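Content type CSV, C-alpha atoms and all ligand atoms, from the file data-v6.csv:
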```csv
chain,number,residue,atom,x,y,z
A,454,MET,CA,102.1,108.7,81.1
A,455,ASN,CA,105.0,108.8,83.6
A,456,ASN,CA,108.5,108.5,82.1
A,457,ILE,CA,111.0,106.3,84.0
A,458,CYS,CA,114.6,105.8,83.2
A,459,ILE,CA,116.9,103.0,84.4
A,460,ILE,CA,120.6,103.8,83.8
A,461,GLY,CA,122.8,100.7,84.2
A,462,ALA,CA,120.9,97.5,83.4
A,463,GLY,CA,123.3,95.0,85.0
A,464,GLN,CA,122.5,92.5,87.8
A,465,LEU,CA,120.7,95.1,89.9
A,466,GLY,CA,119.4,97.5,87.2
A,467,SER,CA,117.6,94.6,85.5
A,468,ARG,CA,115.9,93.8,88.8
A,469,HIS,CA,114.8,97.4,89.2
A,470,LEU,CA,113.4,97.1,85.7
A,471,GLN,CA,111.7,93.8,86.3
A,472,ALA,CA,109.9,95.3,89.3
A,473,LEU,CA,108.2,97.9,87.2
A,474,GLN,CA,106.0,95.1,85.7
A,475,ALA,CA,104.1,95.2,89.1
A,476,LEU,CA,102.9,98.7,88.5
A,477,SER,CA,99.3,98.9,87.3
A,478,ILE,CA,99.7,102.4,85.7
A,479,PRO,CA,101.3,102.3,82.2
A,480,LEU,CA,104.8,103.8,82.0
A,481,ASN,CA,107.2,105.0,79.3
A,482,ILE,CA,110.4,103.2,80.3
A,483,THR,CA,113.9,104.0,78.9
A,484,VAL,CA,116.6,101.5,79.8
A,485,VAL,CA,120.2,102.8,79.2
A,486,ASP,CA,123.3,100.7,79.2
A,487,PRO,CA,126.4,100.9,76.8
A,488,SER,CA,126.5,97.1,77.0
A,489,GLN,CA,124.3,95.3,74.5
A,490,ALA,CA,124.7,92.1,76.5
A,491,SER,CA,123.3,93.9,79.7
A,492,LEU,CA,120.4,95.4,77.6
A,493,GLN,CA,119.6,91.9,76.3
A,494,THR,CA,119.6,90.3,79.7
A,495,ALA,CA,117.5,93.2,81.1
A,496,ARG,CA,115.0,92.7,78.2
A,497,GLU,CA,114.7,89.0,78.9
A,498,ARG,CA,114.2,89.6,82.7
A,499,PHE,CA,111.6,92.2,82.0
A,500,GLU,CA,109.7,90.0,79.5
A,501,ALA,CA,109.9,87.0,81.8
A,502,VAL,CA,107.4,88.7,84.2
A,503,GLN,CA,103.8,89.1,83.3
A,504,GLY,CA,102.8,92.7,83.9
A,505,SER,CA,99.3,94.1,84.5
A,506,ALA,CA,99.9,97.4,82.5
A,507,ASN,CA,101.0,97.8,78.9
A,508,HIS,CA,104.3,99.7,79.5
A,509,SER,CA,106.1,101.1,76.5
A,510,ILE,CA,109.8,100.4,76.7
A,511,GLU,CA,112.9,101.3,74.8
A,512,TYR,CA,116.5,100.0,75.2
A,513,VAL,CA,119.3,102.4,74.3
A,514,GLN,CA,123.1,102.5,74.7
A,515,SER,CA,123.2,106.2,75.5
A,516,LEU,CA,121.0,109.2,76.2
A,517,GLU,CA,123.3,111.5,74.2
A,518,ASN,CA,121.4,114.0,72.1
A,519,THR,CA,118.0,112.8,73.4
A,520,ALA,CA,115.7,115.2,75.3
A,521,HIS,CA,113.5,113.1,77.6
A,522,ASN,CA,111.7,114.6,80.6
A,523,PHE,CA,111.9,111.8,83.2
A,524,ASP,CA,109.7,111.7,86.3
A,525,LEU,CA,112.1,109.2,87.9
A,526,ALA,CA,115.6,108.0,87.0
A,527,ILE,CA,117.2,105.0,88.7
A,528,VAL,CA,121.0,105.0,88.4
A,529,ALA,CA,122.3,101.4,88.9
A,530,THR,CA,125.7,101.5,87.3
A,531,THR,CA,128.7,100.5,89.4
A,532,SER,CA,130.3,103.4,91.5
A,533,ASN,CA,133.0,104.1,88.9
A,534,TYR,CA,130.5,105.3,86.3
A,535,ARG,CA,127.8,106.8,88.6
A,536,ARG,CA,128.9,110.4,88.5
A,537,GLN,CA,129.3,110.3,84.7
A,538,ALA,CA,125.9,108.7,84.3
A,539,VAL,CA,124.2,111.3,86.5
A,540,GLU,CA,126.0,114.2,84.7
A,541,SER,CA,125.2,112.8,81.2
A,542,LEU,CA,121.5,112.2,82.1
A,543,LEU,CA,121.1,115.8,83.4
A,544,GLN,CA,123.1,117.3,80.5
A,545,TYR,CA,120.6,115.9,77.9
A,546,CYS,CA,117.4,115.3,79.8
A,547,THR,CA,115.5,116.3,82.9
A,548,ALA,CA,114.6,114.2,85.9
A,549,LYS,CA,112.2,115.3,88.7
A,550,PHE,CA,113.3,112.4,91.0
A,551,MET,CA,116.2,110.1,91.2
A,552,ILE,CA,117.3,107.0,93.1
A,553,LEU,CA,121.1,106.3,93.2
A,554,GLU,CA,122.6,103.0,94.0
A,555,LYS,CA,125.2,102.6,96.8
A,556,ILE,CA,128.2,102.8,97.0
A,557,LEU,CA,127.7,106.3,95.5
A,558,PHE,CA,131.0,107.4,94.0
A,559,GLN,CA,134.7,106.7,94.0
A,560,LYS,CA,136.1,110.1,94.7
A,561,ARG,CA,135.5,112.6,97.5
A,562,GLU,CA,134.9,115.5,95.2
A,563,ASP,CA,132.1,113.6,93.4
A,564,TYR,CA,129.9,113.8,96.4
A,565,GLU,CA,129.7,117.6,96.5
A,566,ALA,CA,129.8,118.0,92.7
A,567,VAL,CA,126.8,115.7,92.2
A,568,GLY,CA,125.0,117.2,95.2
A,569,LYS,CA,125.3,120.7,93.7
A,570,LEU,CA,124.2,119.5,90.3
A,571,LEU,CA,121.1,117.7,91.7
A,572,GLU,CA,120.2,120.9,93.6
A,573,GLN,CA,120.7,123.1,90.5
A,574,LYS,CA,118.5,120.8,88.4
A,575,ASN,CA,115.9,120.6,91.2
A,576,CYS,CA,116.1,116.8,91.2
A,577,LYS,CA,115.0,115.3,94.5
A,578,THR,CA,117.3,112.3,95.1
A,579,TRP,CA,117.5,109.3,97.4
A,580,VAL,CA,120.0,106.6,97.8
A,581,ASN,CA,119.0,102.9,97.8
A,582,CYS,CA,119.9,101.9,101.3
A,583,SER,CA,116.8,99.8,101.5
A,584,MET,CA,116.7,98.5,105.1
A,585,ARG,CA,114.5,101.5,106.0
A,586,THR,CA,111.8,100.1,103.6
A,587,MET,CA,111.9,96.4,104.9
A,588,THR,CA,109.0,95.8,107.3
A,589,PHE,CA,111.1,94.1,110.0
A,590,TYR,CA,113.9,96.6,110.0
A,591,ALA,CA,111.7,99.6,109.4
A,592,ASP,CA,109.4,98.8,112.4
A,593,LEU,CA,112.3,98.6,114.9
A,594,PRO,CA,112.2,102.3,116.2
A,595,SER,CA,108.9,101.7,118.1
A,596,LYS,CA,110.3,98.5,119.7
A,597,ILE,CA,113.8,99.8,120.5
A,598,SER,CA,112.3,102.8,122.3
A,599,LYS,CA,115.6,103.9,123.8
A,600,CYS,CA,119.0,104.5,122.2
A,601,PRO,CA,122.0,104.1,122.2
A,602,LEU,CA,122.3,100.8,120.4
A,603,THR,CA,124.9,98.1,120.1
A,604,TYR,CA,124.8,96.7,116.6
A,605,LEU,CA,126.7,93.6,115.4
A,606,VAL,CA,127.0,92.2,111.9
A,607,THR,CA,129.1,89.1,111.3
A,608,GLY,CA,129.6,86.2,108.8
A,609,SER,CA,132.0,84.7,106.3
A,610,ASN,CA,132.9,86.4,103.1
A,611,TYR,CA,129.7,88.3,102.6
A,612,GLY,CA,131.1,91.4,100.9
A,613,MET,CA,131.4,93.5,104.1
A,614,ILE,CA,132.5,96.8,102.5
A,615,THR,CA,129.8,96.9,99.8
A,616,ASN,CA,127.2,96.0,102.3
A,617,ILE,CA,128.3,98.0,105.4
A,618,ILE,CA,126.6,101.2,104.2
A,619,HIS,CA,123.2,99.5,104.5
A,620,TYR,CA,123.8,98.8,108.2
A,621,ILE,CA,125.3,102.2,108.9
A,622,ASP,CA,122.3,103.8,107.3
A,623,HIS,CA,120.0,101.6,109.3
A,624,ILE,CA,121.7,102.7,112.5
A,625,ALA,CA,121.3,106.3,111.5
A,626,TYR,CA,117.6,105.6,110.7
A,627,LEU,CA,117.1,104.0,114.1
A,628,THR,CA,119.0,106.5,116.2
A,629,GLY,CA,118.5,109.7,114.1
A,630,CYS,CA,122.3,110.2,114.5
A,631,TYR,CA,124.3,110.7,111.3
A,632,ASP,CA,127.6,111.6,113.0
A,633,TYR,CA,130.0,108.8,113.6
A,634,GLU,CA,133.7,107.8,113.5
A,635,VAL,CA,135.2,104.6,112.2
A,636,THR,CA,138.0,102.5,113.7
A,637,THR,CA,139.8,100.4,111.1
A,638,GLY,CA,142.7,99.0,113.2
A,639,ALA,CA,141.3,95.4,113.2
A,640,LEU,CA,140.7,95.1,109.5
A,641,ASP,CA,142.9,92.7,107.5
A,642,PRO,CA,145.4,95.0,105.7
A,643,LYS,CA,145.3,93.0,102.5
A,644,PRO,CA,142.3,93.9,100.3
A,645,VAL,CA,140.7,91.0,98.3
A,646,ALA,CA,138.9,91.0,95.0
A,647,SER,CA,135.2,92.0,95.1
A,648,LYS,CA,132.7,89.7,93.4
A,649,ARG,CA,132.2,92.6,91.0
A,650,PRO,CA,135.3,92.6,88.8
A,651,GLY,CA,137.6,95.6,89.2
A,652,PHE,CA,136.6,96.4,92.8
A,653,LEU,CA,138.0,95.5,96.2
A,654,GLU,CA,136.7,94.2,99.5
A,655,LEU,CA,138.1,94.0,103.0
A,656,ASN,CA,137.8,91.4,105.6
A,657,GLY,CA,138.4,91.6,109.4
A,658,THR,CA,136.7,93.9,111.9
A,659,LEU,CA,135.6,97.5,111.6
A,660,THR,CA,133.8,99.5,114.3
A,661,ALA,CA,131.7,102.6,114.1
A,662,HIS,CA,131.1,104.9,117.1
A,663,PHE,CA,128.1,107.2,116.8
A,664,LYS,CA,127.9,110.6,118.5
A,665,ASP,CA,124.7,109.4,120.4
A,666,GLY,CA,126.7,106.6,122.1
A,667,SER,CA,125.6,103.8,119.7
A,668,HIS,CA,128.3,101.6,118.3
A,669,ALA,CA,128.5,99.0,115.7
A,670,THR,CA,130.9,96.1,115.0
A,671,PHE,CA,131.2,94.7,111.5
A,672,ASN,CA,133.1,91.5,111.2
A,673,CYS,CA,133.8,89.4,108.1
A,674,PHE,CA,135.8,86.2,108.0
A,675,GLU,CA,137.8,85.7,104.8
A,676,ASP,CA,137.0,82.0,104.7
A,677,GLY,CA,134.8,79.4,106.3
A,678,ASP,CA,131.1,79.4,106.1
A,679,VAL,CA,130.0,81.3,109.2
A,680,PRO,CA,126.3,82.1,108.5
A,681,PHE,CA,125.5,85.8,108.2
A,682,LEU,CA,124.0,87.3,111.4
A,683,VAL,CA,122.8,90.7,112.6
A,684,GLU,CA,122.2,91.6,116.3
A,685,ILE,CA,120.7,94.8,117.6
A,686,HIS,CA,120.7,95.5,121.3
A,687,SER,CA,119.2,98.3,123.4
A,688,LYS,CA,118.2,98.6,127.0
A,689,GLU,CA,114.6,97.6,126.2
A,690,TYR,CA,114.9,95.4,123.2
A,691,ARG,CA,117.2,92.9,121.5
A,692,CYS,CA,117.0,90.9,118.3
A,693,ILE,CA,119.0,88.4,116.4
A,694,VAL,CA,118.3,88.4,112.6
A,695,ARG,CA,119.2,85.5,110.4
A,696,GLU,CA,118.4,87.2,107.1
A,697,ASN,CA,119.1,84.2,104.9
A,698,GLU,CA,116.4,82.2,106.8
A,699,ARG,CA,114.0,85.2,106.8
A,700,LYS,CA,113.7,84.9,110.5
A,701,ALA,CA,114.5,86.9,113.6
A,702,TRP,CA,114.3,86.3,117.4
A,703,GLU,CA,113.2,89.2,119.6
A,704,SER,CA,113.1,89.7,123.3
A,705,SER,CA,112.2,92.6,125.6
A,706,PRO,CA,111.2,93.2,129.2
A,707,LYS,CA,107.6,93.2,128.1
A,708,ASN,CA,107.7,89.4,127.9
A,709,GLY,CA,110.3,88.9,130.6
A,710,TRP,CA,113.1,88.8,128.0
A,711,GLN,CA,111.7,85.5,126.5
A,712,TRP,CA,112.9,85.0,122.9
A,713,GLN,CA,110.1,85.0,120.3
A,714,GLU,CA,110.6,83.9,116.7
A,715,VAL,CA,109.2,86.4,114.1
A,716,GLU,CA,109.3,86.7,110.3
A,717,ALA,CA,112.1,89.0,108.9
A,718,VAL,CA,111.7,89.0,105.2
A,719,ILE,CA,114.5,90.6,103.1
A,720,PRO,CA,112.7,91.3,99.8
A,721,PHE,CA,114.4,91.1,96.5
A,722,GLN,CA,115.0,94.4,94.7
A,723,SER,CA,112.5,93.2,92.1
A,724,GLN,CA,109.9,93.3,94.9
A,725,MET,CA,110.9,96.7,96.3
A,726,THR,CA,111.2,99.1,93.4
A,727,ALA,CA,107.6,98.9,92.5
A,728,SER,CA,106.3,100.4,95.7
A,729,LEU,CA,109.2,103.0,95.8
A,730,THR,CA,108.3,104.1,92.3
A,731,GLU,CA,104.5,104.2,93.1
A,732,ASN,CA,105.3,106.3,96.2
A,733,ILE,CA,107.5,108.7,94.3
A,734,LEU,CA,105.1,109.2,91.4
A,735,GLN,CA,102.0,109.6,93.7
A,736,THR,CA,103.4,111.6,96.6
A,737,GLY,CA,106.8,113.0,95.5
A,738,ASN,CA,108.4,111.2,98.4
A,739,CYS,CA,109.7,107.8,99.5
A,740,PRO,CA,111.2,106.2,102.6
A,741,LEU,CA,114.8,105.9,101.3
A,742,VAL,CA,117.6,108.1,102.8
A,743,PRO,CA,117.9,111.6,101.1
A,744,TYR,CA,121.0,112.2,99.1
A,745,GLU,CA,122.7,114.7,101.4
A,746,LYS,CA,122.4,112.4,104.5
A,747,ALA,CA,123.5,109.4,102.5
A,748,ALA,CA,126.5,111.3,101.1
A,749,LYS,CA,127.6,112.2,104.7
A,750,LEU,CA,127.3,108.6,105.9
A,751,HIS,CA,129.2,107.4,102.8
A,752,LEU,CA,132.1,109.9,103.2
A,753,THR,CA,132.8,109.1,106.8
A,754,LEU,CA,133.1,105.5,106.0
A,755,LEU,CA,135.0,105.8,102.7
A,756,GLU,CA,137.5,108.4,104.0
A,757,ALA,CA,138.4,106.1,106.9
A,758,LEU,CA,138.8,103.1,104.6
A,759,SER,CA,140.9,105.1,102.2
A,760,GLU,CA,143.3,106.2,104.9
A,761,PHE,CA,143.5,102.6,106.1
A,762,LEU,CA,144.3,101.2,102.7
A,763,ASN,CA,146.9,103.9,101.9
A,764,ASN,CA,148.6,103.4,105.3
A,765,LYS,CA,148.4,99.6,105.7
A,766,SER,CA,147.9,97.8,102.4
A,767,GLY,CA,151.2,98.6,100.9
A,768,GLN,CA,149.5,100.1,97.9
A,769,LYS,CA,148.4,103.7,97.1
A,770,PHE,CA,144.8,104.5,96.0
A,771,ASP,CA,143.6,107.8,94.6
A,772,LEU,CA,140.0,106.7,94.7
A,773,TYR,CA,137.7,104.5,96.8
A,774,PRO,CA,138.1,101.1,95.1
A,775,PHE,CA,134.6,99.9,96.2
A,776,THR,CA,131.2,99.6,94.7
B,801,LIG,N1,121.0,98.6,97.1
B,801,LIG,C1,121.3,97.3,97.1
B,801,LIG,O1,120.8,96.5,97.9
B,801,LIG,C2,122.2,96.8,96.1
B,801,LIG,C3,122.3,95.4,95.8
B,801,LIG,C4,123.1,95.0,94.8
B,801,LIG,C5,124.0,95.9,94.1
B,801,LIG,N2,124.0,97.2,94.5
B,801,LIG,C6,124.8,98.2,93.8
B,801,LIG,O2,124.4,98.4,92.5
B,801,LIG,C7,125.5,98.7,91.7
B,801,LIG,C8,125.5,97.8,90.4
B,801,LIG,O3,125.7,96.5,90.8
B,801,LIG,P1,125.5,95.3,89.7
B,801,LIG,O4,125.8,94.0,90.4
B,801,LIG,O5,124.2,95.5,89.0
B,801,LIG,O6,126.7,95.6,88.7
B,801,LIG,P2,126.8,95.1,87.1
B,801,LIG,O7,128.2,95.3,86.8
B,801,LIG,O8,126.0,93.9,86.9
B,801,LIG,O9,125.9,96.3,86.4
B,801,LIG,C9,126.4,97.6,86.1
B,801,LIG,C10,125.9,98.0,84.7
B,801,LIG,O10,126.2,99.4,84.5
B,801,LIG,C11,126.5,99.5,83.1
B,801,LIG,N3,127.1,100.8,82.9
B,801,LIG,C12,128.4,101.2,83.0
B,801,LIG,N4,128.6,102.5,82.6
B,801,LIG,C13,127.3,102.9,82.3
B,801,LIG,C14,126.8,104.2,81.9
B,801,LIG,N5,127.6,105.2,81.8
B,801,LIG,N6,125.5,104.3,81.7
B,801,LIG,C15,124.7,103.3,81.8
B,801,LIG,N7,125.1,102.0,82.2
B,801,LIG,C16,126.4,101.9,82.5
B,801,LIG,C17,127.3,98.3,82.8
B,801,LIG,O11,127.4,98.0,81.4
B,801,LIG,C18,126.6,97.2,83.6
B,801,LIG,O12,125.6,96.6,82.7
B,801,LIG,C19,126.8,98.5,92.5
B,801,LIG,O13,127.2,99.7,93.0
B,801,LIG,C20,126.3,97.7,93.7
B,801,LIG,O14,126.9,97.9,94.9
B,801,LIG,C21,123.1,97.7,95.4
```

Represent the structure of the file as structure tokens.
Amino acid sequence: MNNICIIGAGQLGSRHLQALQALSIPLNITVVDPSQASLQTARERFEAVQGSANHSIEYVQSLENTAHNFDLAIVATTSNYRRQAVESLLQYCTAKFMILEKILFQKREDYEAVGKLLEQKNCKTWVNCSMRTMTFYADLPSKISKCPLTYLVTGSNYGMITNIIHYIDHIAYLTGCYDYEVTTGALDPKPVASKRPGFLELNGTLTAHFKDGSHATFNCFEDGDVPFLVEIHSKEYRCIVRENERKAWESSPKNGWQWQEVEAVIPFQSQMTASLTENILQTGNCPLVPYEKAAKLHLTLLEALSEFLNNKSGQKFDLYPFT
């Protein structure tokens, strides 16, 4: 039987766990979280879904002094515990494959240290920037046909910083370009509390300029109820995506730039993890962004944000206060 481990069984980790009920091959699952309350909620969410296989599952508060050999580990703690969670896992156990949640880590040095550890332990790792796996967003390269792109993301109070890495990763996926610079001058200098306690968010406008000439504008209004909207423009294709309505409008010269409404489903994590897990177990691969590329995309963004916060917010930060 394949051994799967979920580390961090909070809001998202419990959804990764729930997704495993959709796998028809029986699994040995270990769920790790120091919080009994999180383990209890995860158990309830897992048991609320009828599975087709009879998985064996254990809920533990730590992996210390255990010696599991995991085929896949999914690390869904918040960013402040992620390095520690990876190090502790690989100290006591082995993992052939790993999926890490974004935002990866809070300190610059964590990116290289964890990268080296994963290489040493021969653990193939991806980061869960999942737009590459969503049919509408994943199918865009063939439609866009020519880069560079103009990419716009806007709305009210949608957690811009925690979400921006998804869109940056999507641009890199569409263009093949991982080199970019960030302009922070139009961000609001005052950070606000994130919906996840202990972390921060920023509102205002951030722009990203990619080496291939693509550029992106991310805008978040602190108040109001401006609906969330994504726009992607190239010379041969444009689309407007209203993710909350699971709809997009596309146009291209092929149809005289007439707008056409299409489905744009943003699946829940509990619907995505099953196929990622199946892919990894069967082929040793999956469509998520590999660790090294994701680390590069993260650091460009986080270093620019860190410089902005330290220069403009009136406070000093020795870590990236985001998750
Ligand atoms: N990829 C996505 O689309 C997506 C979506 C939502 C959240 N996220 C990311 O997932 C992460 C978790 O978010 P959340 O909302 O589930 O947070 P959460 O606070 O609900 O859950 C985090 C859990 O990690 C546990 N934890 C802390 N230290 C641990 C350790 N050393 N070992 C094991 N567990 C530990 C906590 O007890 C908690 O239960 C965040 O970084 C968030 O940005 C990603």

Inset, instruction - Using all atoms listed in the file, find each protein or nucleic acid residue lying at most 9 Å from ligand LIG 801 (chain B); present the set as a count of residues only. - result: 58

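For segment 469-483 of chain A, the residues within 7 Å (counting all atoms listed in the file, excluding itself and residues fewer than 4 positions away along the chain) are Met454, Asn455, Asn456, Ile457, Cys458, Ile459, Leu465, Arg498, Phe499, Val502, Gln503, Gly504, Ser505, Ala506, Asn507, His508, Ser509, Ile510, Glu511, Tyr512, Gln722, Ser723, Gln724, Thr726 and Ala727 of chain A.
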
Output file for the residues above (C-alpha atoms, as a short mmCIF file (atom, residue, chain, number, x, y, z; two decimals), keeping the file's coordinate frame):
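What landed in part.cif:
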```cif
data_model
loop_
_atom_site.label_atom_id
_atom_site.label_comp_id
_atom_site.auth_asym_id
_atom_site.auth_seq_id
_atom_site.Cartn_x
_atom_site.Cartn_y
_atom_site.Cartn_z
CA MET A 454 102.10 108.70 81.10
CA ASN A 455 105.00 108.80 83.60
CA ASN A 456 108.50 108.50 82.10
CA ILE A 457 111.00 106.30 84.00
CA CYS A 458 114.60 105.80 83.20
CA ILE A 459 116.90 103.00 84.40
CA LEU A 465 120.70 95.10 89.90
CA ARG A 498 114.20 89.60 82.70
CA PHE A 499 111.60 92.20 82.00
CA VAL A 502 107.40 88.70 84.20
CA GLN A 503 103.80 89.10 83.30
CA GLY A 504 102.80 92.70 83.90
CA SER A 505 99.30 94.10 84.50
CA ALA A 506 99.90 97.40 82.50
CA ASN A 507 101.00 97.80 78.90
CA HIS A 508 104.30 99.70 79.50
CA SER A 509 106.10 101.10 76.50
CA ILE A 510 109.80 100.40 76.70
CA GLU A 511 112.90 101.30 74.80
CA TYR A 512 116.50 100.00 75.20
CA GLN A 722 115.00 94.40 94.70
CA SER A 723 112.50 93.20 92.10
CA GLN A 724 109.90 93.30 94.90
CA THR A 726 111.20 99.10 93.40
CA ALA A 727 107.60 98.90 92.50
#
```

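The spacing separating atom CA of Ile621 of chain A from atom CA of Asn575 of chain A amounts to 27.2 Å.
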
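If you measure from each of A:Pro644, A:Gly608, A:Pro743, A:Gly709 to Cys576 of chain A using all atoms listed in the file, the closest one turns out to be A:Pro743.
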
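Proximity to Lys700 of chain A at 10 Å, evaluated using all atoms listed in the file and with sequence-adjacent residues fewer than 2 positions away removed, yields Phe589, Ile693, Val694, Arg695, Glu696, Asn697, Glu698, Trp702, Glu714, Val715, Glu716, Ala717, Val718 and Ile719 of chain A.
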
Legend entry - Close residues, Asn732 of chain A itself excluded, 12 Å, all atoms listed in the file, min 5 positions apart in chain, as a VMD selection string: chain A and resid 476 525 550 586 725 to 727 737 to 741

Inset, instruction - Rank nothing, just name the residue among A:Thr547, A:Asn672, A:Ser647, A:Ser705 nearest to Ser598 of chain A, using only C-alpha atoms. - result: A:Ser705

Inset, instruction - Mind checking which residues fall within 10 Å of Lys765 of chain A, counting all atoms listed in the file, ignoring those fewer than 4 positions away in the same chain, and posting them as a ChimeraX atom specification? - result: /A:638,640-644,759-761,769

Inset, instruction - Take atom CA of Leu543 of chain A and atom CA of Arg561 of chain A and report the distance between them in Å, one decimal. - result: 20.4 Å

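Of the residues under consideration (A:Thr637, A:Asn708, A:Thr736, A:Thr578), A:Thr637 shows the shortest atom-to-atom contact distance to Leu659 of chain A when counting all atoms listed in the file.
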
Would you pick out the contacts of segment 746-752 of chain A at 7 Å or less, using all atoms listed in the file, so that residues sharing its chain but fewer than 5 positions from it are not included, and give the list as a compact mmCIF listing (two decimals) with C-alpha atoms, keeping the file's coordinate frame?
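Full text of result.txt as output:
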```txt
# COMPACT_ATOMS: atom_id res chain seq x y z
CA TYR A 564 129.90 113.80 96.40
CA VAL A 580 120.00 106.60 97.80
CA ILE A 618 126.60 101.20 104.20
CA TYR A 631 124.30 110.70 111.30
```

Legend entry - Between atom CA of Asn763 of chain A and atom CA of Tyr744 of chain A, distance in Å (one decimal): 27.3 Å

Legend entry - Nearest candidate to Lys577 of chain A (options A:Leu653, A:Leu682, A:Ile733, A:Ala669; using only C-alpha atoms): A:Ile733

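Residue nearest Lys664 of chain A within the list A:Phe770, A:Phe523, A:Tyr626, A:Tyr633: A:Tyr633 [criterion: smallest interatomic distance, all atoms listed in the file].
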
Legend entry - Nearest to Val645 of chain A, chosen from A:Thr660, A:Thr753, A:Asn522, A:Ser766, with all atoms listed in the file counted in the distances: A:Ser766
